[in-house]
$ cat run-v3.txt   # compact mmCIF, C-alpha atoms
# COMPACT_ATOMS: atom_id res chain seq x y z
CA MET A 1027 -2.15 -6.50 24.94
CA ILE A 1028 -4.17 -3.76 23.26
CA GLU A 1029 -1.15 -2.60 21.32
CA PHE A 1030 -0.63 -5.97 19.62
CA ILE A 1031 -4.05 -6.27 17.96
CA PRO A 1032 -2.92 -5.80 14.29
CA PHE A 1033 -0.33 -8.55 14.69
CA ILE A 1034 -2.95 -10.89 16.16
CA ALA A 1035 -5.12 -10.11 13.09
CA VAL A 1036 -2.19 -11.12 10.84
CA VAL A 1037 -1.79 -14.45 12.66
CA VAL A 1038 -5.54 -15.15 12.42
CA MET A 1039 -5.50 -14.47 8.66
CA VAL A 1040 -2.49 -16.74 8.11
CA PHE A 1041 -4.16 -19.53 10.03
CA ILE A 1042 -7.46 -19.24 8.19
CA GLY A 1043 -5.51 -19.53 4.92
CA LEU A 1044 -3.45 -22.45 6.22
CA TYR A 1045 -6.61 -24.27 7.32
CA ALA A 1046 -8.11 -23.82 3.83
CA VAL A 1047 -4.94 -25.20 2.18
CA MET A 1048 -4.59 -28.23 4.44
CA PHE A 1049 -8.10 -29.41 5.08
CA ARG A 1050 -10.21 -28.68 2.00
CA ARG A 1051 -10.74 -30.84 -1.05
CA ASN A 1052 -11.78 -28.43 -3.79
CA LEU A 1053 -8.93 -26.97 -5.83
CA ILE A 1054 -10.48 -23.50 -6.02
CA LYS A 1055 -10.72 -23.35 -2.23
CA ILE A 1056 -7.03 -24.22 -1.94
CA VAL A 1057 -6.16 -21.38 -4.35
CA ILE A 1058 -8.29 -18.96 -2.31
CA GLY A 1059 -6.45 -20.09 0.83
CA ILE A 1060 -3.09 -19.23 -0.73
CA THR A 1061 -4.43 -15.77 -1.61
CA ILE A 1062 -5.59 -15.20 1.97
CA ILE A 1063 -2.10 -16.07 3.28
CA GLU A 1064 -0.60 -13.50 0.90
CA SER A 1065 -3.05 -10.82 2.05
CA GLY A 1066 -2.09 -11.49 5.65
CA ILE A 1067 1.60 -11.05 4.90
CA ASN A 1068 0.94 -7.75 3.07
CA LEU A 1069 -0.95 -6.48 6.13
CA PHE A 1070 2.02 -7.46 8.31
CA LEU A 1071 4.43 -5.50 6.15
CA ILE A 1072 2.36 -2.34 6.36
CA THR A 1073 1.77 -2.45 10.12
CA LEU A 1074 5.51 -2.73 10.77
CA GLY A 1075 6.01 0.85 9.66
CA TYR A 1076 3.44 2.83 11.61
CA ARG A 1077 4.24 5.75 13.84
CA GLU A 1078 1.88 7.01 16.53
CA GLY A 1079 -0.21 9.94 15.19
CA GLY A 1080 1.57 9.98 11.84
CA VAL A 1081 0.60 11.27 8.40
CA ALA A 1082 1.41 9.93 4.94
CA PRO A 1083 4.96 10.73 3.70
CA ILE A 1084 3.76 13.14 0.98
CA TYR A 1085 4.56 16.84 0.99
CA THR A 1086 1.72 18.05 -1.26
CA GLY A 1087 -0.98 19.59 0.92
CA LEU A 1088 0.61 18.65 4.21
CA PRO A 1089 -1.29 20.15 7.18
CA PRO A 1090 0.83 23.12 8.22
CA GLY A 1091 2.86 22.74 11.37
CA THR A 1092 3.78 19.05 11.26
CA ALA A 1093 7.43 18.35 12.05
CA TYR A 1094 8.37 16.24 9.13
CA PRO A 1095 10.84 13.52 9.98
CA GLU A 1096 9.24 12.83 13.33
CA GLN A 1097 5.61 12.59 12.40
CA MET A 1098 5.58 10.80 9.08
CA VAL A 1099 4.94 7.12 8.55
CA LEU A 1100 7.90 5.12 7.15
CA PRO A 1101 7.81 4.86 3.33
CA VAL A 1102 10.04 1.81 2.77
CA PRO A 1103 7.59 -0.93 3.96
CA GLN A 1104 4.91 0.55 1.67
CA ALA A 1105 7.24 0.15 -1.32
CA LEU A 1106 7.91 -3.48 -0.40
CA THR A 1107 4.16 -4.12 -0.08
CA LEU A 1108 3.57 -2.79 -3.62
CA THR A 1109 6.05 -5.30 -5.01
CA SER A 1110 4.48 -8.09 -2.99
CA ILE A 1111 0.97 -7.35 -4.27
CA VAL A 1112 2.14 -7.51 -7.90
CA ILE A 1113 3.90 -10.82 -7.26
CA GLY A 1114 0.68 -12.16 -5.71
CA VAL A 1115 -1.28 -11.23 -8.84
CA ALA A 1116 1.24 -12.99 -11.09
CA VAL A 1117 1.21 -16.21 -9.03
CA LEU A 1118 -2.62 -16.20 -8.88
CA ALA A 1119 -2.91 -15.88 -12.68
CA LEU A 1120 -0.62 -18.86 -13.27
CA MET A 1121 -2.35 -21.00 -10.63
CA LEU A 1122 -5.80 -20.38 -12.10
CA SER A 1123 -4.60 -21.24 -15.62
CA LEU A 1124 -3.28 -24.58 -14.40
CA VAL A 1125 -6.54 -25.29 -12.53
CA MET A 1126 -8.48 -24.67 -15.76
CA HIS A 1127 -6.30 -27.21 -17.58
CA ILE A 1128 -6.75 -29.79 -14.85
CA TYR A 1129 -10.52 -29.40 -15.02
CA ARG A 1130 -10.58 -29.91 -18.80
CA LYS A 1131 -8.53 -33.07 -18.58
CA TYR A 1132 -10.01 -34.84 -15.56
CA GLY A 1133 -13.57 -33.49 -15.42
CA THR A 1134 -13.49 -33.01 -11.66
CA LEU A 1135 -11.91 -30.63 -9.16
CA ASP A 1136 -11.57 -33.02 -6.24
CA VAL A 1137 -7.96 -33.32 -5.13
CA ARG A 1138 -8.28 -36.91 -3.88
CA LYS A 1139 -9.75 -38.13 -7.16
CA ILE A 1140 -7.12 -36.46 -9.32
CA ARG A 1141 -4.41 -38.32 -7.49
CA ARG A 1142 -5.95 -41.73 -8.14
CA LEU A 1143 -6.62 -41.52 -11.89
CA LYS A 1144 -3.84 -43.11 -13.83
CA GLU A 1145 -4.02 -42.63 -17.58
CA MET B 322 -9.77 -46.02 7.01
CA ASN B 323 -6.88 -46.35 9.40
CA SER B 324 -4.33 -44.43 7.38
CA MET B 325 -6.83 -41.64 6.66
CA GLU B 326 -7.49 -41.08 10.36
CA LYS B 327 -3.79 -41.22 11.16
CA ARG B 328 -3.16 -38.60 8.49
CA THR B 329 -5.87 -36.32 9.88
CA ILE B 330 -4.54 -36.60 13.42
CA ALA B 331 -0.99 -35.79 12.23
CA ALA B 332 -2.25 -32.76 10.30
CA VAL B 333 -4.20 -31.39 13.27
CA LEU B 334 -1.19 -31.90 15.56
CA ALA B 335 1.20 -30.08 13.20
CA PHE B 336 -1.32 -27.25 12.75
CA SER B 337 -1.72 -26.71 16.50
CA ILE B 338 2.04 -26.79 17.22
CA VAL B 339 2.67 -24.14 14.54
CA ALA B 340 -0.23 -22.08 15.94
CA VAL B 341 1.28 -22.09 19.42
CA PHE B 342 4.71 -21.02 18.14
CA PHE B 343 3.23 -18.23 16.02
CA PHE B 344 1.11 -16.92 18.85
CA PHE B 345 3.92 -16.69 21.35
CA SER B 346 6.22 -14.89 18.94
CA ILE B 347 3.84 -11.96 18.45
CA PHE B 348 4.85 -10.44 21.77
CA LEU B 349 8.51 -10.18 20.76
CA ILE B 350 7.87 -7.62 18.00
CA HIS B 351 7.89 -3.92 18.93
CA PRO B 352 4.48 -2.57 20.02
CA PHE B 353 2.23 -1.12 17.32
CA GLY B 354 3.19 2.52 16.75
CA ASP B 355 6.30 2.64 18.88
CA LEU B 356 9.32 2.35 16.62
CA GLY B 357 12.89 2.35 17.85
CA GLN B 358 15.85 3.57 15.83
CA VAL B 359 14.95 4.22 12.19
CA GLN B 360 17.88 6.13 10.69
CA MET B 361 17.47 5.15 7.04
CA ASP B 362 13.82 6.19 6.84
CA ASN B 363 14.45 9.48 8.66
CA HIS B 364 17.16 10.29 6.13
CA ILE B 365 14.87 9.38 3.22
CA ILE B 366 11.97 11.52 4.49
CA ALA B 367 14.19 14.52 5.28
CA ASN B 368 16.09 14.54 1.98
CA THR B 369 13.49 13.50 -0.61
CA GLN B 370 12.77 16.94 -1.98
CA ASN B 371 16.28 18.12 -2.68
CA GLU B 372 17.82 14.83 -3.82
CA THR B 373 14.99 13.44 -5.91
CA GLY B 374 12.85 16.44 -6.73
CA THR B 375 9.42 14.95 -6.03
CA ASN B 376 6.86 15.51 -3.33
CA ASN B 377 5.86 11.89 -2.98
CA GLY B 378 8.04 9.86 -0.63
CA VAL B 379 6.68 6.44 -1.59
CA THR B 380 7.21 6.93 -5.36
CA ALA B 381 10.72 8.20 -4.69
CA VAL B 382 11.51 5.05 -2.72
CA VAL B 383 9.94 2.74 -5.34
CA PHE B 384 11.60 4.29 -8.39
CA ASP B 385 14.71 6.07 -7.16
CA TYR B 386 16.13 4.78 -3.91
CA ARG B 387 15.08 1.17 -4.58
CA GLY B 388 14.63 1.12 -8.35
CA PHE B 389 16.31 -2.26 -8.73
CA ASP B 390 13.44 -3.99 -6.93
CA THR B 391 11.01 -2.40 -9.39
CA LEU B 392 13.07 -3.81 -12.26
CA GLY B 393 12.72 -7.30 -10.76
CA GLU B 394 8.99 -6.81 -10.29
CA ALA B 395 8.54 -5.74 -13.92
CA THR B 396 10.38 -8.90 -14.97
CA ILE B 397 8.04 -11.05 -12.86
CA LEU B 398 4.96 -9.43 -14.40
CA PHE B 399 6.36 -9.98 -17.89
CA SER B 400 7.15 -13.64 -17.26
CA ALA B 401 3.69 -14.27 -15.76
CA VAL B 402 2.02 -12.87 -18.89
CA ALA B 403 4.33 -14.96 -21.08
CA GLY B 404 3.47 -18.06 -19.07
CA VAL B 405 -0.30 -17.52 -19.33
CA ILE B 406 -0.15 -17.00 -23.10
CA MET B 407 2.03 -20.06 -23.51
CA ILE B 408 -0.33 -22.29 -21.49
CA PHE B 409 -3.33 -21.40 -23.64
CA ARG B 410 -1.69 -21.65 -27.03
CA ARG B 411 -3.53 -24.71 -28.29
CA VAL B 412 -7.00 -23.22 -27.83
CA LYS B 413 -7.01 -21.05 -30.93
CA GLU B 414 -9.49 -22.23 -33.49
CA MET C 321 -19.03 -15.97 -22.57
CA THR C 322 -22.38 -14.74 -23.84
CA GLU C 323 -23.05 -11.08 -24.31
CA MET C 324 -25.27 -8.94 -22.14
CA THR C 325 -28.46 -7.00 -22.96
CA LYS C 326 -28.62 -3.56 -24.52
CA ILE C 327 -29.01 -1.75 -21.19
CA VAL C 328 -25.73 -3.15 -19.89
CA LYS C 329 -23.94 -2.30 -23.13
CA THR C 330 -25.15 1.31 -23.01
CA ILE C 331 -24.03 1.83 -19.43
CA ALA C 332 -20.65 0.25 -20.19
CA ASN C 333 -20.27 2.61 -23.15
CA ILE C 334 -20.82 5.56 -20.83
CA LEU C 335 -18.62 4.40 -17.96
CA PHE C 336 -15.58 3.23 -19.95
CA PRO C 337 -14.09 6.64 -20.93
CA PHE C 338 -14.42 7.98 -17.39
CA THR C 339 -12.61 4.98 -15.94
CA VAL C 340 -9.76 5.22 -18.44
CA LEU C 341 -9.44 8.97 -17.85
CA PHE C 342 -9.31 8.49 -14.09
CA GLY C 343 -6.66 5.80 -14.41
CA LEU C 344 -4.52 7.95 -16.70
CA TYR C 345 -4.79 10.81 -14.20
CA ILE C 346 -3.51 8.55 -11.42
CA ILE C 347 -0.58 7.44 -13.61
CA ALA C 348 0.35 10.95 -14.75
CA HIS C 349 0.33 12.56 -11.28
CA GLY C 350 2.31 9.80 -9.61
CA HIS C 351 5.01 12.10 -8.30
CA LEU C 352 2.61 14.51 -6.56
CA THR C 353 -0.30 12.58 -5.07
CA PRO C 354 -0.57 8.95 -3.93
CA GLY C 355 -0.57 6.68 -6.95
CA GLY C 356 1.90 5.94 -9.67
CA GLY C 357 2.37 3.41 -12.42
CA PHE C 358 1.11 0.20 -10.83
CA GLN C 359 -2.01 1.62 -9.21
CA GLY C 360 -3.18 3.56 -12.27
CA GLY C 361 -2.50 0.59 -14.52
CA ALA C 362 -4.71 -1.61 -12.35
CA VAL C 363 -7.58 0.95 -12.59
CA VAL C 364 -7.40 1.12 -16.41
CA ALA C 365 -7.21 -2.69 -16.64
CA SER C 366 -10.37 -3.02 -14.58
CA GLY C 367 -12.09 -0.60 -16.96
CA CYS C 368 -11.06 -2.84 -19.85
CA ALA C 369 -12.38 -5.87 -17.95
CA LEU C 370 -15.76 -4.08 -17.73
CA LEU C 371 -15.73 -3.83 -21.52
CA LEU C 372 -14.88 -7.53 -21.74
CA VAL C 373 -17.84 -8.54 -19.60
CA ALA C 374 -20.45 -6.32 -21.32
CA TYR C 375 -19.58 -7.37 -24.86
CA SER C 376 -18.62 -11.00 -25.05
CA SER C 377 -15.01 -12.10 -25.03
CA ARG C 378 -15.33 -13.49 -28.57
CA TRP C 379 -16.31 -10.05 -29.88
CA VAL C 380 -13.32 -8.37 -28.22
CA PHE C 381 -10.94 -11.16 -29.25
CA LYS C 382 -11.95 -10.85 -32.89
CA ARG C 383 -10.89 -7.22 -32.89
CA ILE C 384 -7.83 -7.26 -30.65
CA LYS C 385 -5.50 -10.19 -31.07
CA GLU C 386 -3.18 -10.73 -28.18
CA LYS C 387 -0.09 -10.30 -30.35
CA ARG C 388 -0.71 -6.57 -30.55
CA LEU C 389 -1.14 -6.29 -26.80
CA ALA C 390 2.04 -8.27 -26.23
CA THR C 391 3.91 -5.83 -28.48
CA PHE C 392 2.45 -2.96 -26.47
CA GLU C 393 3.71 -4.49 -23.26
CA SER C 394 7.19 -4.99 -24.67
CA ILE C 395 7.30 -1.30 -25.63
CA GLY C 396 6.64 -0.40 -21.99
CA ALA C 397 9.37 -2.72 -20.72
CA ILE C 398 11.91 -1.42 -23.27
CA GLY C 399 11.08 2.16 -22.30
CA PHE C 400 11.72 1.40 -18.63
CA ILE C 401 15.12 -0.20 -19.34
CA THR C 402 16.08 2.65 -21.69
CA VAL C 403 15.46 5.29 -19.02
CA ALA C 404 17.53 3.27 -16.54
CA LEU C 405 20.42 2.90 -19.01
CA LEU C 406 20.31 6.60 -19.85
CA GLY C 407 20.91 7.17 -16.16
CA LEU C 408 24.03 5.03 -16.49
CA VAL C 409 25.25 7.04 -19.49
CA PHE C 410 24.63 10.51 -18.11
CA SER C 411 25.37 10.21 -14.44
CA MET C 412 27.56 7.14 -13.94
CA VAL C 413 25.03 5.25 -11.78
CA PHE C 414 22.46 2.69 -12.95
CA PHE C 415 18.99 4.27 -12.36
CA GLY C 416 20.61 7.62 -11.71
CA ASN C 417 18.32 10.61 -11.69
CA PHE C 418 19.92 12.82 -14.31
CA LEU C 419 17.00 15.21 -14.79
CA ALA C 420 16.56 16.45 -11.23
CA GLY C 421 18.04 19.91 -10.63
CA SER C 422 18.94 20.56 -14.28
CA ASN C 423 17.08 22.82 -16.70
CA LEU C 424 15.71 20.08 -18.97
CA LEU C 425 12.24 18.56 -19.16
CA PHE C 426 11.20 17.80 -15.57
CA GLY C 427 13.92 19.66 -13.81
CA THR C 428 12.82 22.15 -11.16
CA THR C 429 13.25 21.36 -7.49
CA PRO C 430 10.32 22.01 -5.14
CA ALA C 431 10.71 24.14 -2.03
CA THR C 432 11.19 22.20 1.17
CA GLY C 433 8.21 21.64 3.42
CA SER C 434 4.55 21.71 2.52
CA THR C 435 4.13 23.00 -1.05
CA LEU C 436 1.46 23.10 -3.72
CA ALA C 437 1.72 20.60 -6.55
CA ASP C 438 4.00 21.56 -9.43
CA PHE C 439 3.88 19.21 -12.40
CA ASN C 440 7.27 20.21 -13.70
CA THR C 441 9.18 18.56 -10.86
CA GLY C 442 10.26 15.00 -10.48
CA GLY C 443 13.31 14.30 -12.56
CA VAL C 444 13.16 10.97 -14.34
CA LEU C 445 10.23 9.64 -12.31
CA PRO C 446 7.24 10.63 -14.54
CA LEU C 447 8.84 8.89 -17.54
CA MET C 448 9.25 5.71 -15.52
CA ASN C 449 5.63 6.06 -14.35
CA PHE C 450 4.37 6.16 -17.94
CA ALA C 451 6.46 3.15 -18.98
CA VAL C 452 5.36 0.99 -16.07
CA GLY C 453 1.73 2.12 -16.49
CA VAL C 454 1.66 1.02 -20.14
CA LYS C 455 3.23 -2.31 -19.18
CA VAL C 456 0.72 -3.03 -16.43
CA ILE C 457 -2.30 -2.06 -18.58
CA ALA C 458 -1.27 -4.36 -21.41
CA GLY C 459 -0.23 -7.21 -19.11
CA LEU C 460 -3.41 -7.36 -17.03
CA PHE C 461 -5.67 -6.93 -20.07
CA VAL C 462 -3.96 -9.83 -21.86
CA ILE C 463 -4.32 -12.12 -18.84
CA VAL C 464 -8.05 -11.45 -18.46
CA LEU C 465 -8.73 -11.67 -22.22
CA VAL C 466 -6.92 -14.96 -22.78
CA MET C 467 -8.51 -16.65 -19.77
CA ALA C 468 -12.02 -15.45 -20.67
CA TYR C 469 -11.67 -16.56 -24.28
CA ALA C 470 -10.30 -19.98 -23.35
CA SER C 471 -13.22 -20.69 -21.03
CA SER C 472 -15.79 -20.00 -23.76
CA VAL C 473 -14.43 -22.38 -26.37
CA LYS C 474 -16.28 -25.67 -26.23
CA GLU C 475 -13.43 -28.05 -26.80
CA TRP C 476 -9.74 -27.41 -26.95
CA GLY C 477 -8.45 -28.94 -30.14
CA GLN C 478 -5.00 -30.05 -31.03
$ encode --input "run-v3.txt" --output "structure tokens"
Amino acid sequence: MIEFIPFIAVVVMVFIGLYAVMFRRNLIKIVIGITIIESGINLFLITLGYREGGVAPIYTGLPPGTAYPEQMVLPVPQALTLTSIVIGVAVLALMLSLVMHIYRKYGTLDVRKIRRLKE
Amino acid sequence: MNSMEKRTIAAVLAFSIVAVFFFFSIFLIHPFGDLGQVQMDNHIIANTQNETGTNNGVTAVVFDYRGFDTLGEATILFSAVAGVIMIFRRVKE
Amino acid sequence: MTEMTKIVKTIANILFPFTVLFGLYIIAHGHLTPGGGFQGGAVVASGCALLLVAYSSRWVFKRIKEKRLATFESIGAIGFITVALLGLVFSMVFFGNFLAGSNLLFGTTPATGSTLADFNTGGVLPLMNFAVGVKVIAGLFVIVLVMAYASSVKEWGQ
């Protein structure tokens, strides 16, 4: 059970974000919930590639005496996490622009009131 | 408020069912730090310096072994900036 | 947004060159130490956001229109595609590394194992790092500038 703690942290983060998306009424809180879900998934990608007692896969200034394919952390999940972070930034920028437009038009940020106004 | 309470009860039920499924599928992943067979990453770490010529394994994977994904990511960043500028085009005074 | 007092402006004047220099160092040494194009671009963009908060966004917008920044970003994207297509011309593979192992600009191969950092290595990777770094700086600065300016205009006309 002790060796599954990072994965339990990922599940807790995804469920905090899912709770904020489903049960909150303010639009900004829903956007923050989506960001928390994305952070949880980035953490999951990084913890898939860990090796016990490993160092970073960089050869500059490596501590002398480490056997290099057996003691280095995998580099491919780190590359996928970089791409995922940039995609998260792009989606967050577009979501916040649309929230600003909604606020200018309706005057409120309550999700239940925006649905009922018919103009 | 009958439909509102029904909706809340349905949401809580769906949330708890998904939580149970997620929690029981954690224990099917490999334990933290104990990888199995990783042949592609062992080849990448062992042959970075003579195939690519850099010391940094992560930059070699991002720009050389998987450069096509970086091209897609640059396209996404470009289209996000284009979308933000296009949304705020009427504000100029 | 409104502008800040003179103390904040003075400290922002002092801190801005150090932040930009640190970000450019992270971009330029992407093939030796942890870092690269995306990370260094984010650091420089946060330095520019510091400048946007200290002076107001109207002051910055009057001097830098976003058309110039969009041109800057397109130059970075075109540079990235050009390096990839040059790999197709010179070595028959898209994104091929045609500078590693040859005697041209970034050509020497490092010794295997733990070495000291040699800037001359890397093949085609430092050029791609510069192109992506320019693209990320311009892109993130434009996003923050346009959103800050649009939230300070009182009413959005037609």
$ closest_residue --input "run-v3.txt" --among "C:Lys455, C:Lys382, C:Lys329, C:Arg388" --to "chain B" --atoms "only C-alpha atoms"
C:Lys455
$ closest_residue --input "run-v3.txt" --among "A:Lys1139, A:Met1048, A:Arg1130, A:Thr1086" --to "chain C" --atoms "all atoms listed in the file"
A:Thr1086
$ residues_around --input "run-v3.txt" --residues "stretch 1059-1062 of chain A" --least-positions-apart "3" --cutoff "10 Å" --atoms "all atoms listed in the file" --output "JSON, numbers by chain"
{"A": [1039, 1040, 1041, 1042, 1043, 1044, 1045, 1046, 1047, 1048, 1050, 1053, 1054, 1055, 1056, 1065, 1066, 1067, 1068, 1114, 1115, 1117, 1118]}
$ write_last_selection --input "run-v3.txt" --atoms "C-alpha atoms" --output "PDB file, in the frame of the given file"
ATOM      1  CA  MET A1039      -5.500 -14.470   8.660  1.00  0.00           C
ATOM      2  CA  VAL A1040      -2.490 -16.740   8.110  1.00  0.00           C
ATOM      3  CA  PHE A1041      -4.160 -19.530  10.030  1.00  0.00           C
ATOM      4  CA  ILE A1042      -7.460 -19.240   8.190  1.00  0.00           C
ATOM      5  CA  GLY A1043      -5.510 -19.530   4.920  1.00  0.00           C
ATOM      6  CA  LEU A1044      -3.450 -22.450   6.220  1.00  0.00           C
ATOM      7  CA  TYR A1045      -6.610 -24.270   7.320  1.00  0.00           C
ATOM      8  CA  ALA A1046      -8.110 -23.820   3.830  1.00  0.00           C
ATOM      9  CA  VAL A1047      -4.940 -25.200   2.180  1.00  0.00           C
ATOM     10  CA  MET A1048      -4.590 -28.230   4.440  1.00  0.00           C
ATOM     11  CA  ARG A1050     -10.210 -28.680   2.000  1.00  0.00           C
ATOM     12  CA  LEU A1053      -8.930 -26.970  -5.830  1.00  0.00           C
ATOM     13  CA  ILE A1054     -10.480 -23.500  -6.020  1.00  0.00           C
ATOM     14  CA  LYS A1055     -10.720 -23.350  -2.230  1.00  0.00           C
ATOM     15  CA  ILE A1056      -7.030 -24.220  -1.940  1.00  0.00           C
ATOM     16  CA  SER A1065      -3.050 -10.820   2.050  1.00  0.00           C
ATOM     17  CA  GLY A1066      -2.090 -11.490   5.650  1.00  0.00           C
ATOM     18  CA  ILE A1067       1.600 -11.050   4.900  1.00  0.00           C
ATOM     19  CA  ASN A1068       0.940  -7.750   3.070  1.00  0.00           C
ATOM     20  CA  GLY A1114       0.680 -12.160  -5.710  1.00  0.00           C
ATOM     21  CA  VAL A1115      -1.280 -11.230  -8.840  1.00  0.00           C
ATOM     22  CA  VAL A1117       1.210 -16.210  -9.030  1.00  0.00           C
ATOM     23  CA  LEU A1118      -2.620 -16.200  -8.880  1.00  0.00           C
TER      24      LEU A1118
END
$ residues_around --input "run-v3.txt" --residues "B:Tyr386" --least-positions-apart "3" --cutoff "10 Å" --atoms "only C-alpha atoms" --output "list in words"
Val1102 of chain A; Ile365, Thr369, Thr373, Val379, Thr380, Ala381, Val382, Val383, Phe389 and Asp390 of chain B; Phe415, Gly416 and Asn417 of chain C
$ closest_residue --input "run-v3.txt" --among "A:Val1036, A:Ala1116, A:Leu1135, A:Ile1140" --to "chain C" --atoms "all atoms listed in the file"
A:Ala1116
$ interface_residues --input "run-v3.txt" --of "chain B" --to "chain C" --cutoff "10 Å" --atoms "all atoms listed in the file" --output "PyMOL selection string"
chain B and resi 367-381+383-389+391-392+395-396+398-406+408-414
$ write_last_selection --input "run-v3.txt" --atoms "C-alpha atoms" --output "short mmCIF file (atom, residue, chain, number, x, y, z; two decimals), in the coordinates of the input"
data_model
loop_
_atom_site.label_atom_id
_atom_site.label_comp_id
_atom_site.auth_asym_id
_atom_site.auth_seq_id
_atom_site.Cartn_x
_atom_site.Cartn_y
_atom_site.Cartn_z
CA ALA B 367 14.19 14.52 5.28
CA ASN B 368 16.09 14.54 1.98
CA THR B 369 13.49 13.50 -0.61
CA GLN B 370 12.77 16.94 -1.98
CA ASN B 371 16.28 18.12 -2.68
CA GLU B 372 17.82 14.83 -3.82
CA THR B 373 14.99 13.44 -5.91
CA GLY B 374 12.85 16.44 -6.73
CA THR B 375 9.42 14.95 -6.03
CA ASN B 376 6.86 15.51 -3.33
CA ASN B 377 5.86 11.89 -2.98
CA GLY B 378 8.04 9.86 -0.63
CA VAL B 379 6.68 6.44 -1.59
CA THR B 380 7.21 6.93 -5.36
CA ALA B 381 10.72 8.20 -4.69
CA VAL B 383 9.94 2.74 -5.34
CA PHE B 384 11.60 4.29 -8.39
CA ASP B 385 14.71 6.07 -7.16
CA TYR B 386 16.13 4.78 -3.91
CA ARG B 387 15.08 1.17 -4.58
CA GLY B 388 14.63 1.12 -8.35
CA PHE B 389 16.31 -2.26 -8.73
CA THR B 391 11.01 -2.40 -9.39
CA LEU B 392 13.07 -3.81 -12.26
CA ALA B 395 8.54 -5.74 -13.92
CA THR B 396 10.38 -8.90 -14.97
CA LEU B 398 4.96 -9.43 -14.40
CA PHE B 399 6.36 -9.98 -17.89
CA SER B 400 7.15 -13.64 -17.26
CA ALA B 401 3.69 -14.27 -15.76
CA VAL B 402 2.02 -12.87 -18.89
CA ALA B 403 4.33 -14.96 -21.08
CA GLY B 404 3.47 -18.06 -19.07
CA VAL B 405 -0.30 -17.52 -19.33
CA ILE B 406 -0.15 -17.00 -23.10
CA ILE B 408 -0.33 -22.29 -21.49
CA PHE B 409 -3.33 -21.40 -23.64
CA ARG B 410 -1.69 -21.65 -27.03
CA ARG B 411 -3.53 -24.71 -28.29
CA VAL B 412 -7.00 -23.22 -27.83
CA LYS B 413 -7.01 -21.05 -30.93
CA GLU B 414 -9.49 -22.23 -33.49
#
$ interface_residues --input "run-v3.txt" --of "chain A" --to "chain C" --cutoff "9 Å" --atoms "all atoms listed in the file" --output "PyMOL selection string"
chain A and resi 1084-1090+1094+1108+1112+1119+1122-1123+1126+1130
$ atom_distance --input "run-v3.txt" --atom1 "atom CA of A:Phe1030" --atom2 "atom CA of B:Ile347"
7.6 Å
$ closest_residue --input "run-v3.txt" --among "A:Arg1051, A:Arg1077, A:Arg1141, A:Lys1131" --to "chain B" --atoms "only C-alpha atoms"
A:Arg1077
$ atom_distance --input "run-v3.txt" --atom1 "atom CA of B:Ile350" --atom2 "atom CA of A:Glu1096"
21.0 Å
$ closest_residue --input "run-v3.txt" --among "A:Leu1106, A:Gly1133, A:Asn1052, A:Ile1058" --to "chain B" --atoms "only C-alpha atoms"
A:Leu1106
$ atom_distance --input "run-v3.txt" --atom1 "atom CA of B:Met407" --atom2 "atom CA of C:Phe392"
17.4 Å
$ residues_around --input "run-v3.txt" --residues "B:Leu349" --least-positions-apart "6" --cutoff "12 Å" --atoms "only C-alpha atoms" --output "list in words"
Phe1030 and Phe1033 of chain A; Phe342 and Phe343 of chain B
$ closest_residue --input "run-v3.txt" --among "B:Val341, B:Arg328, B:Asp362, B:Gly393" --to "chain A" --atoms "only C-alpha atoms"
B:Asp362
$ axis_aligned_box --input "run-v3.txt" --around "stretch 323-334 of chain B" --padding-each-side "8 Å" --output "JSON"
{"center_x": -4.2, "center_y": -38.9, "center_z": 11.1, "size_x": 22.5, "size_y": 31.0, "size_z": 24.9}
$ residues_near_point --input "run-v3.txt" --point "(1.5, 8.8, 14.4)" --cutoff "12 Å" --atoms "only C-alpha atoms" --output "ChimeraX atom specification"
/A:1075-1083,1092-1100 /B:353-356
